[in-house]
file model.cif (mmCIF, C-alpha atoms and all ligand atoms)
data_target
loop_
_atom_site.group_PDB
_atom_site.id
_atom_site.type_symbol
_atom_site.label_atom_id
_atom_site.label_comp_id
_atom_site.auth_asym_id
_atom_site.auth_seq_id
_atom_site.Cartn_x
_atom_site.Cartn_y
_atom_site.Cartn_z
ATOM 1 C CA MET A 1 -27.036 7.513 -54.441
ATOM 2 C CA THR A 2 -30.052 5.412 -53.418
ATOM 3 C CA LYS A 3 -30.154 2.285 -51.289
ATOM 4 C CA GLY A 4 -33.383 0.298 -50.973
ATOM 5 C CA GLY A 5 -35.267 3.246 -52.486
ATOM 6 C CA ASN A 6 -33.894 5.678 -49.907
ATOM 7 C CA LEU A 7 -31.645 8.567 -50.731
ATOM 8 C CA VAL A 8 -28.199 8.033 -49.188
ATOM 9 C CA VAL A 9 -26.141 11.149 -48.588
ATOM 10 C CA ARG A 10 -22.445 10.550 -49.029
ATOM 11 C CA ARG A 11 -21.165 12.737 -46.241
ATOM 12 C CA VAL A 12 -17.472 13.046 -45.394
ATOM 13 C CA VAL A 13 -15.535 14.960 -42.771
ATOM 14 C CA CYS A 14 -12.368 17.068 -43.072
ATOM 15 C CA PRO A 15 -11.108 17.181 -39.474
ATOM 16 C CA GLY A 16 -8.354 19.353 -38.077
ATOM 17 C CA SER A 17 -7.341 22.011 -35.631
ATOM 18 C CA PHE A 18 -7.505 24.835 -38.212
ATOM 19 C CA ASP A 19 -5.607 27.261 -35.979
ATOM 20 C CA PRO A 20 -5.910 29.091 -38.330
ATOM 21 C CA VAL A 21 -7.308 27.728 -41.616
ATOM 22 C CA THR A 22 -4.667 28.042 -44.384
ATOM 23 C CA ASN A 23 -4.703 27.982 -48.176
ATOM 24 C CA GLY A 24 -3.527 24.355 -47.898
ATOM 25 C CA HIS A 25 -6.652 23.362 -45.954
ATOM 26 C CA LEU A 26 -8.821 25.279 -48.414
ATOM 27 C CA ASP A 27 -7.235 23.492 -51.348
ATOM 28 C CA ILE A 28 -8.176 20.087 -49.900
ATOM 29 C CA ILE A 29 -11.704 21.149 -48.873
ATOM 30 C CA SER A 30 -12.467 22.787 -52.224
ATOM 31 C CA ARG A 31 -11.280 19.693 -54.112
ATOM 32 C CA ALA A 32 -13.229 17.346 -51.808
ATOM 33 C CA ALA A 33 -16.502 19.296 -52.133
ATOM 34 C CA PRO A 34 -17.401 18.329 -55.738
ATOM 35 C CA LEU A 35 -16.590 14.658 -55.051
ATOM 36 C CA HIS A 36 -19.107 14.176 -52.222
ATOM 37 C CA ASP A 37 -22.691 15.128 -51.419
ATOM 38 C CA GLU A 38 -21.688 16.927 -48.267
ATOM 39 C CA VAL A 39 -18.407 17.883 -46.591
ATOM 40 C CA VAL A 40 -18.342 18.631 -42.867
ATOM 41 C CA VAL A 41 -15.287 20.606 -41.804
ATOM 42 C CA ALA A 42 -14.871 19.705 -38.136
ATOM 43 C CA VAL A 43 -12.706 21.589 -35.673
ATOM 44 C CA GLY A 44 -11.327 19.264 -33.003
ATOM 45 C CA ALA A 45 -12.081 21.073 -29.756
ATOM 46 C CA ASN A 46 -9.884 18.683 -27.786
ATOM 47 C CA LEU A 47 -6.915 19.710 -29.964
ATOM 48 C CA ALA A 48 -7.568 23.373 -29.270
ATOM 49 C CA LYS A 49 -5.756 23.878 -25.980
ATOM 50 C CA ASN A 50 -2.954 26.459 -26.057
ATOM 51 C CA GLY A 51 -4.052 27.562 -29.501
ATOM 52 C CA LEU A 52 -3.841 31.040 -30.932
ATOM 53 C CA PHE A 53 -7.528 31.312 -31.847
ATOM 54 C CA SER A 54 -10.441 29.980 -29.808
ATOM 55 C CA VAL A 55 -12.546 27.197 -31.298
ATOM 56 C CA ASP A 56 -15.346 29.711 -31.923
ATOM 57 C CA GLU A 57 -12.974 32.052 -33.787
ATOM 58 C CA ARG A 58 -11.711 29.154 -35.926
ATOM 59 C CA ILE A 59 -15.281 28.170 -36.753
ATOM 60 C CA GLU A 60 -16.135 31.771 -37.606
ATOM 61 C CA MET A 61 -13.151 32.112 -39.967
ATOM 62 C CA LEU A 62 -13.910 28.760 -41.626
ATOM 63 C CA GLY A 63 -17.534 29.860 -42.070
ATOM 64 C CA GLU A 64 -16.423 33.071 -43.770
ATOM 65 C CA VAL A 65 -13.969 31.469 -46.172
ATOM 66 C CA LEU A 66 -16.242 28.525 -47.033
ATOM 67 C CA ALA A 67 -19.433 30.552 -47.472
ATOM 68 C CA GLY A 68 -19.366 30.022 -51.232
ATOM 69 C CA TYR A 69 -19.568 26.217 -51.007
ATOM 70 C CA ALA A 70 -23.190 25.115 -50.816
ATOM 71 C CA ASN A 71 -22.400 21.557 -49.682
ATOM 72 C CA VAL A 72 -19.767 22.405 -47.068
ATOM 73 C CA ARG A 73 -20.647 23.083 -43.432
ATOM 74 C CA VAL A 74 -18.536 23.759 -40.383
ATOM 75 C CA ASP A 75 -18.884 22.056 -37.014
ATOM 76 C CA LYS A 76 -16.750 21.033 -34.046
ATOM 77 C CA PHE A 77 -16.151 17.786 -32.232
ATOM 78 C CA ASP A 78 -15.003 16.729 -28.779
ATOM 79 C CA GLY A 79 -13.588 13.314 -28.069
ATOM 80 C CA LEU A 80 -13.206 10.645 -30.702
ATOM 81 C CA LEU A 81 -13.598 11.554 -34.353
ATOM 82 C CA VAL A 82 -15.225 8.184 -35.052
ATOM 83 C CA ASP A 83 -17.968 9.000 -32.514
ATOM 84 C CA PHE A 84 -18.599 12.299 -34.337
ATOM 85 C CA CYS A 85 -18.763 10.350 -37.610
ATOM 86 C CA ARG A 86 -21.278 7.873 -36.219
ATOM 87 C CA ALA A 87 -23.428 10.648 -34.740
ATOM 88 C CA HIS A 88 -23.527 12.544 -38.051
ATOM 89 C CA ASP A 89 -23.826 9.649 -40.475
ATOM 90 C CA ILE A 90 -20.386 10.289 -41.905
ATOM 91 C CA SER A 91 -18.891 7.378 -43.799
ATOM 92 C CA ALA A 92 -15.397 8.656 -44.529
ATOM 93 C CA ILE A 93 -12.662 10.968 -43.315
ATOM 94 C CA VAL A 94 -10.817 13.057 -45.913
ATOM 95 C CA LYS A 95 -7.228 13.974 -45.102
ATOM 96 C CA GLY A 96 -4.578 15.911 -46.954
ATOM 97 C CA LEU A 97 -1.110 14.435 -47.326
ATOM 98 C CA ARG A 98 1.713 16.949 -47.602
ATOM 99 C CA ALA A 99 4.616 14.518 -47.623
ATOM 100 C CA VAL A 100 5.564 10.920 -46.944
ATOM 101 C CA SER A 101 6.195 11.933 -43.328
ATOM 102 C CA ASP A 102 2.455 12.746 -42.960
ATOM 103 C CA PHE A 103 1.578 9.336 -44.347
ATOM 104 C CA GLU A 104 3.236 7.321 -41.597
ATOM 105 C CA TYR A 105 1.091 8.878 -38.866
ATOM 106 C CA GLU A 106 -2.033 9.115 -41.005
ATOM 107 C CA MET A 107 -1.882 5.457 -42.003
ATOM 108 C CA THR A 108 -1.991 4.250 -38.388
ATOM 109 C CA MET A 109 -4.840 6.678 -37.610
ATOM 110 C CA ALA A 110 -6.748 5.463 -40.660
ATOM 111 C CA GLN A 111 -6.290 1.822 -39.691
ATOM 112 C CA MET A 112 -7.287 2.546 -36.096
ATOM 113 C CA ASN A 113 -10.430 4.441 -37.153
ATOM 114 C CA TYR A 114 -11.404 1.639 -39.505
ATOM 115 C CA SER A 115 -10.922 -0.996 -36.845
ATOM 116 C CA LEU A 116 -12.784 1.072 -34.223
ATOM 117 C CA ALA A 117 -15.809 1.939 -36.310
ATOM 118 C CA GLY A 118 -15.473 0.847 -39.940
ATOM 119 C CA ILE A 119 -14.934 4.479 -40.967
ATOM 120 C CA GLU A 120 -12.881 4.803 -44.159
ATOM 121 C CA THR A 121 -10.135 7.393 -44.666
ATOM 122 C CA LEU A 122 -9.566 8.957 -48.085
ATOM 123 C CA PHE A 123 -6.251 10.653 -48.751
ATOM 124 C CA MET A 124 -5.760 13.557 -51.115
ATOM 125 C CA THR A 125 -2.257 14.644 -52.044
ATOM 126 C CA THR A 126 -1.557 18.288 -51.496
ATOM 127 C CA ASN A 127 -1.139 20.788 -54.262
ATOM 128 C CA PRO A 128 2.695 21.136 -54.399
ATOM 129 C CA LEU A 129 2.222 24.875 -53.916
ATOM 130 C CA TYR A 130 1.159 24.150 -50.339
ATOM 131 C CA SER A 131 3.237 21.134 -49.369
ATOM 132 C CA PHE A 132 5.313 23.192 -46.904
ATOM 133 C CA LEU A 133 2.305 24.906 -45.368
ATOM 134 C CA ARG A 134 1.030 24.182 -41.875
ATOM 135 C CA SER A 135 -0.863 26.318 -39.356
ATOM 136 C CA SER A 136 1.960 26.219 -36.824
ATOM 137 C CA LEU A 137 4.321 27.837 -39.373
ATOM 138 C CA VAL A 138 1.779 30.536 -40.160
ATOM 139 C CA ARG A 139 1.453 31.293 -36.435
ATOM 140 C CA GLU A 140 5.212 31.378 -36.022
ATOM 141 C CA ILE A 141 5.780 33.773 -38.936
ATOM 142 C CA ALA A 142 2.868 36.043 -37.980
ATOM 143 C CA LYS A 143 4.043 36.120 -34.386
ATOM 144 C CA TYR A 144 7.192 37.947 -35.462
ATOM 145 C CA GLY A 145 5.409 40.218 -37.916
ATOM 146 C CA GLY A 146 6.353 38.234 -41.071
ATOM 147 C CA ASP A 147 4.292 38.319 -44.265
ATOM 148 C CA VAL A 148 1.754 35.478 -44.429
ATOM 149 C CA SER A 149 -0.474 37.072 -47.062
ATOM 150 C CA GLY A 150 0.190 34.289 -49.597
ATOM 151 C CA LEU A 151 -0.501 31.533 -47.091
ATOM 152 C CA VAL A 152 -3.929 32.272 -45.645
ATOM 153 C CA PRO A 153 -7.271 33.580 -46.938
ATOM 154 C CA ALA A 154 -8.112 37.277 -46.464
ATOM 155 C CA PRO A 155 -10.365 36.953 -43.370
ATOM 156 C CA VAL A 156 -7.584 35.074 -41.566
ATOM 157 C CA LEU A 157 -4.955 37.575 -42.641
ATOM 158 C CA SER A 158 -6.937 40.501 -41.260
ATOM 159 C CA ARG A 159 -7.403 38.745 -37.907
ATOM 160 C CA LEU A 160 -3.712 37.932 -37.700
ATOM 161 C CA MET A 161 -2.821 41.520 -38.546
ATOM 162 C CA ALA A 162 -5.266 42.831 -35.963
ATOM 163 C CA ARG A 163 -3.228 41.009 -33.347
ATOM 164 C CA GLY A 164 0.023 42.532 -34.616
ATOM 165 C CA PRO A 165 3.320 40.875 -33.656
ATOM 166 C CA TRP A 166 2.898 39.162 -30.283
ATOM 167 C CA SER A 167 5.091 37.193 -27.929
HETATM 168 P P1 LIG A 201 -2.006 21.854 -39.531
HETATM 169 O O1 LIG A 201 -1.013 20.726 -39.669
HETATM 170 O O2 LIG A 201 -1.860 22.896 -40.577
HETATM 171 O O3 LIG A 201 -2.141 22.370 -38.130
HETATM 172 P P2 LIG A 201 -4.531 20.507 -39.173
HETATM 173 O O4 LIG A 201 -4.148 19.641 -38.052
HETATM 174 O O5 LIG A 201 -5.557 21.545 -38.911
HETATM 175 O O6 LIG A 201 -3.358 21.240 -39.886
HETATM 176 O O7 LIG A 201 -4.897 19.622 -40.428
HETATM 177 C C1 LIG A 201 -6.157 19.319 -40.883
HETATM 178 C C2 LIG A 201 -6.059 18.542 -42.166
HETATM 179 O O8 LIG A 201 -5.576 19.377 -43.202
HETATM 180 C C3 LIG A 201 -5.121 17.336 -42.144
HETATM 181 O O9 LIG A 201 -5.705 16.335 -42.926
HETATM 182 C C4 LIG A 201 -3.890 17.838 -42.821
HETATM 183 O O10 LIG A 201 -3.175 16.794 -43.423
HETATM 184 C C5 LIG A 201 -4.493 18.760 -43.855
HETATM 185 N N1 LIG A 201 -3.578 19.785 -44.245
HETATM 186 C C6 LIG A 201 -3.005 20.709 -43.463
HETATM 187 N N2 LIG A 201 -2.186 21.513 -44.181
HETATM 188 C C7 LIG A 201 -2.237 21.054 -45.461
HETATM 189 C C8 LIG A 201 -1.609 21.419 -46.674
HETATM 190 N N3 LIG A 201 -0.724 22.420 -46.713
HETATM 191 N N4 LIG A 201 -1.921 20.733 -47.789
HETATM 192 C C9 LIG A 201 -2.780 19.702 -47.724
HETATM 193 N N5 LIG A 201 -3.399 19.289 -46.625
HETATM 194 C C10 LIG A 201 -3.134 19.951 -45.494
#

call {"tool": "encode", "arguments": {"input": "model.cif", "output": "structure tokens", "more": "lines below"}}
Ligand code: ADP
result
Amino acid sequence: MTKGGNLVVRRVVCPGSFDPVTNGHLDIISRAAPLHDEVVVAVGANLAKNGLFSVDERIEMLGEVLAGYANVRVDKFDGLLVDFCRAHDISAIVKGLRAVSDFEYEMTMAQMNYSLAGIETLFMTTNPLYSFLRSSLVREIAKYGGDVSGLVPAPVLSRLMARGPWS
């Protein structure tokens, strides 16, 4: 897109804790990528306390599984997402909606982010295959040695297995 003769990059962000990245996250990111010039997948460092993986490990895993997407890059943010958006010229936030219960919370966040900084939020409905899938469930199942092979990409699975069941 051009504006006043200048090239305008339509850059969006997919924010989250990604502890760890799941097939549900990947579904949303891979469907968002062809719709925008650039997608920034941003790990919220302030959401990372008491997590299973460190922020650096999450970024590393995201980098591995998203390596095939030329217009997707991985970053992290501290503090307010709208400040990250302003600093990186990001005009919209892309969020996945698993169920109506997600929508209630996401709608207030979207309205708040718009009123704070004029940043739009675009919602994508989840692939029904993944509507039950969240990182906390993956952590819970893996913790007790359950099979999460259909829920996460291979690099995540091998890291989870390397930890073995833990308490
Ligand atoms: P989780 O709830 O799995 O911990 P995050 O907080 O990391 O996820 O979520 C980051 C983004 O990914 C949010 O927009 C969330 O709605 C979306 N998302 C998470 N899991 C899924 C899924 N299974 N399908 C679609 N979107 C999802």

call {"tool": "closest_residue", "arguments": {"input": "model.cif", "among": "A:Leu129, A:Leu151, A:Ala42, A:Leu137", "to": "Arg73 (chain A)", "atoms": "only C-alpha atoms"}}
result
A:Ala42

call {"tool": "residues_around", "arguments": {"input": "model.cif", "residues": "Gln111 (chain A)", "least_positions_apart": "5", "cutoff": "9 Å", "atoms": "all atoms listed in the file", "output": "list in words"}}
result
Glu106, Leu116, Glu120 and Thr121 of chain A

call {"tool": "closest_atom_pairs", "arguments": {"input": "model.cif", "of": "chain A", "to": "ligand LIG 201 (chain A)", "cutoff": "9 Å", "atoms": "all atoms listed in the file", "output": "Markdown table"}}
result
| residue | atom | partner | partner_atom | distance |
| --- | --- | --- | --- | --- |
| A:Cys14 | CA | A:LIG201 | C2 | 6.5 |
| A:Pro15 | CA | A:LIG201 | C1 | 5.6 |
| A:Gly16 | CA | A:LIG201 | C1 | 3.6 |
| A:Ser17 | CA | A:LIG201 | O5 | 3.8 |
| A:Phe18 | CA | A:LIG201 | O5 | 3.9 |
| A:Asp19 | CA | A:LIG201 | O3 | 6.4 |
| A:Pro20 | CA | A:LIG201 | O5 | 7.6 |
| A:Val21 | CA | A:LIG201 | O5 | 7.0 |
| A:Thr22 | CA | A:LIG201 | N2 | 7.0 |
| A:Asn23 | CA | A:LIG201 | N3 | 7.0 |
| A:Gly24 | CA | A:LIG201 | N3 | 3.6 |
| A:His25 | CA | A:LIG201 | C10 | 4.9 |
| A:Leu26 | CA | A:LIG201 | C9 | 8.3 |
| A:Asp27 | CA | A:LIG201 | C9 | 6.9 |
| A:Ile28 | CA | A:LIG201 | C9 | 5.8 |
| A:Ile29 | CA | A:LIG201 | O8 | 8.5 |
| A:Val43 | CA | A:LIG201 | O5 | 7.8 |
| A:Gly44 | CA | A:LIG201 | O5 | 8.6 |
| A:Leu47 | CA | A:LIG201 | O4 | 8.5 |
| A:Ile93 | CA | A:LIG201 | O9 | 8.8 |
| A:Val94 | CA | A:LIG201 | O9 | 6.8 |
| A:Lys95 | CA | A:LIG201 | O9 | 3.6 |
| A:Gly96 | CA | A:LIG201 | N5 | 3.6 |
| A:Leu97 | CA | A:LIG201 | O10 | 5.0 |
| A:Arg98 | CA | A:LIG201 | N4 | 5.2 |
| A:Asp102 | CA | A:LIG201 | O10 | 6.9 |
| A:Phe103 | CA | A:LIG201 | O10 | 8.9 |
| A:Glu106 | CA | A:LIG201 | O10 | 8.1 |
| A:Phe123 | CA | A:LIG201 | O9 | 8.2 |
| A:Met124 | CA | A:LIG201 | C9 | 7.6 |
| A:Thr125 | CA | A:LIG201 | C9 | 6.7 |
| A:Thr126 | CA | A:LIG201 | C9 | 4.2 |
| A:Asn127 | CA | A:LIG201 | N4 | 6.5 |
| A:Pro128 | CA | A:LIG201 | N4 | 8.1 |
| A:Leu129 | CA | A:LIG201 | N3 | 8.2 |
| A:Tyr130 | CA | A:LIG201 | N3 | 4.4 |
| A:Ser131 | CA | A:LIG201 | N3 | 4.9 |
| A:Phe132 | CA | A:LIG201 | N3 | 6.1 |
| A:Leu133 | CA | A:LIG201 | N3 | 4.1 |
| A:Arg134 | CA | A:LIG201 | O2 | 3.4 |
| A:Ser135 | CA | A:LIG201 | O2 | 3.8 |
| A:Ser136 | CA | A:LIG201 | O3 | 5.8 |
| A:Leu137 | CA | A:LIG201 | O2 | 8.0 |
| A:Val138 | CA | A:LIG201 | O2 | 8.5 |

call {"tool": "resolve_selection", "arguments": {"input": "model.cif", "expression": "the PyMOL selection byres (((chain A and resi 62-67) around 9) and not hetatm)", "output": "ChimeraX atom specification"}}
result
/A:18,20-21,26,29-30,41,57-61,68-70,72-74,153-156

call {"tool": "residues_near_point", "arguments": {"input": "model.cif", "point": "(-17.4, 8.5, -45.5)", "cutoff": "9 Å", "atoms": "all atoms listed in the file", "output": "PyMOL selection string"}}
result
chain A and resi 10-13+36+85+89-94+119-122

call {"tool": "resolve_selection", "arguments": {"input": "model.cif", "expression": "the PyMOL selection byres (((chain A and resi 141-149) around 7) and not hetatm)", "output": "CSV table (one decimal) with C-alpha atoms, in the frame of the given file"}}
result
chain,number,residue,atom,x,y,z
A,137,LEU,CA,4.3,27.8,-39.4
A,138,VAL,CA,1.8,30.5,-40.2
A,139,ARG,CA,1.5,31.3,-36.4
A,140,GLU,CA,5.2,31.4,-36.0
A,150,GLY,CA,0.2,34.3,-49.6
A,151,LEU,CA,-0.5,31.5,-47.1
A,152,VAL,CA,-3.9,32.3,-45.6
A,157,LEU,CA,-5.0,37.6,-42.6
A,160,LEU,CA,-3.7,37.9,-37.7
A,164,GLY,CA,0.0,42.5,-34.6
A,165,PRO,CA,3.3,40.9,-33.7
A,166,TRP,CA,2.9,39.2,-30.3
A,167,SER,CA,5.1,37.2,-27.9

call {"tool": "closest_residue", "arguments": {"input": "model.cif", "among": "A:Leu81, A:Gly5, A:Ser101, A:His88", "to": "Asn46 (chain A)", "atoms": "all atoms listed in the file"}}
result
A:Leu81

call {"tool": "decode", "arguments": {"input": "model.cif", "residues": "region 142-155 of chain A", "atoms": "N, CA, C and O atoms", "output": "PDB file, in the first residue's frame"}}
result
ATOM      1  N   ALA A 142       1.662 -32.562  29.822  1.00  0.00           N
ATOM      2  CA  ALA A 142       3.072 -32.970  29.710  1.00  0.00           C
ATOM      3  C   ALA A 142       3.687 -33.195  31.082  1.00  0.00           C
ATOM      4  O   ALA A 142       4.521 -34.093  31.267  1.00  0.00           O
ATOM      5  N   LYS A 143       3.241 -32.403  32.035  1.00  0.00           N
ATOM      6  CA  LYS A 143       3.771 -32.509  33.398  1.00  0.00           C
ATOM      7  C   LYS A 143       3.616 -33.924  33.954  1.00  0.00           C
ATOM      8  O   LYS A 143       4.472 -34.426  34.667  1.00  0.00           O
ATOM      9  N   TYR A 144       2.503 -34.560  33.601  1.00  0.00           N
ATOM     10  CA  TYR A 144       2.248 -35.912  34.107  1.00  0.00           C
ATOM     11  C   TYR A 144       2.590 -36.993  33.081  1.00  0.00           C
ATOM     12  O   TYR A 144       2.138 -38.131  33.194  1.00  0.00           O
ATOM     13  N   GLY A 145       3.361 -36.610  32.072  1.00  0.00           N
ATOM     14  CA  GLY A 145       3.834 -37.593  31.104  1.00  0.00           C
ATOM     15  C   GLY A 145       2.814 -37.974  30.041  1.00  0.00           C
ATOM     16  O   GLY A 145       2.985 -38.974  29.338  1.00  0.00           O
ATOM     17  N   GLY A 146       1.738 -37.172  29.887  1.00  0.00           N
ATOM     18  CA  GLY A 146       0.712 -37.466  28.865  1.00  0.00           C
ATOM     19  C   GLY A 146       1.220 -37.146  27.459  1.00  0.00           C
ATOM     20  O   GLY A 146       2.225 -36.458  27.282  1.00  0.00           O
ATOM     21  N   ASP A 147       0.466 -37.629  26.464  1.00  0.00           N
ATOM     22  CA  ASP A 147       0.885 -37.482  25.067  1.00  0.00           C
ATOM     23  C   ASP A 147       0.373 -36.153  24.487  1.00  0.00           C
ATOM     24  O   ASP A 147      -0.827 -35.975  24.309  1.00  0.00           O
ATOM     25  N   VAL A 148       1.281 -35.252  24.188  1.00  0.00           N
ATOM     26  CA  VAL A 148       0.876 -33.963  23.600  1.00  0.00           C
ATOM     27  C   VAL A 148       1.354 -33.842  22.149  1.00  0.00           C
ATOM     28  O   VAL A 148       1.383 -32.754  21.590  1.00  0.00           O
ATOM     29  N   SER A 149       1.686 -34.976  21.544  1.00  0.00           N
ATOM     30  CA  SER A 149       2.293 -34.930  20.210  1.00  0.00           C
ATOM     31  C   SER A 149       1.369 -34.321  19.151  1.00  0.00           C
ATOM     32  O   SER A 149       1.859 -33.750  18.179  1.00  0.00           O
ATOM     33  N   GLY A 150       0.040 -34.414  19.347  1.00  0.00           N
ATOM     34  CA  GLY A 150      -0.860 -33.825  18.353  1.00  0.00           C
ATOM     35  C   GLY A 150      -1.187 -32.365  18.629  1.00  0.00           C
ATOM     36  O   GLY A 150      -1.928 -31.735  17.880  1.00  0.00           O
ATOM     37  N   LEU A 151      -0.613 -31.825  19.682  1.00  0.00           N
ATOM     38  CA  LEU A 151      -1.005 -30.481  20.125  1.00  0.00           C
ATOM     39  C   LEU A 151       0.051 -29.405  19.895  1.00  0.00           C
ATOM     40  O   LEU A 151      -0.262 -28.219  19.887  1.00  0.00           O
ATOM     41  N   VAL A 152       1.283 -29.846  19.748  1.00  0.00           N
ATOM     42  CA  VAL A 152       2.394 -28.878  19.613  1.00  0.00           C
ATOM     43  C   VAL A 152       3.297 -29.277  18.457  1.00  0.00           C
ATOM     44  O   VAL A 152       3.371 -30.446  18.088  1.00  0.00           O
ATOM     45  N   PRO A 153       4.018 -28.297  17.874  1.00  0.00           N
ATOM     46  CA  PRO A 153       4.957 -28.631  16.798  1.00  0.00           C
ATOM     47  C   PRO A 153       6.167 -29.412  17.337  1.00  0.00           C
ATOM     48  O   PRO A 153       6.467 -29.365  18.539  1.00  0.00           O
ATOM     49  N   ALA A 154       6.856 -30.102  16.422  1.00  0.00           N
ATOM     50  CA  ALA A 154       7.938 -31.020  16.803  1.00  0.00           C
ATOM     51  C   ALA A 154       9.017 -30.401  17.712  1.00  0.00           C
ATOM     52  O   ALA A 154       9.408 -31.027  18.701  1.00  0.00           O
ATOM     53  N   PRO A 155       9.508 -29.193  17.428  1.00  0.00           N
ATOM     54  CA  PRO A 155      10.563 -28.649  18.299  1.00  0.00           C
ATOM     55  C   PRO A 155      10.089 -28.442  19.741  1.00  0.00           C
ATOM     56  O   PRO A 155      10.875 -28.551  20.678  1.00  0.00           O
TER      57      PRO A 155
END
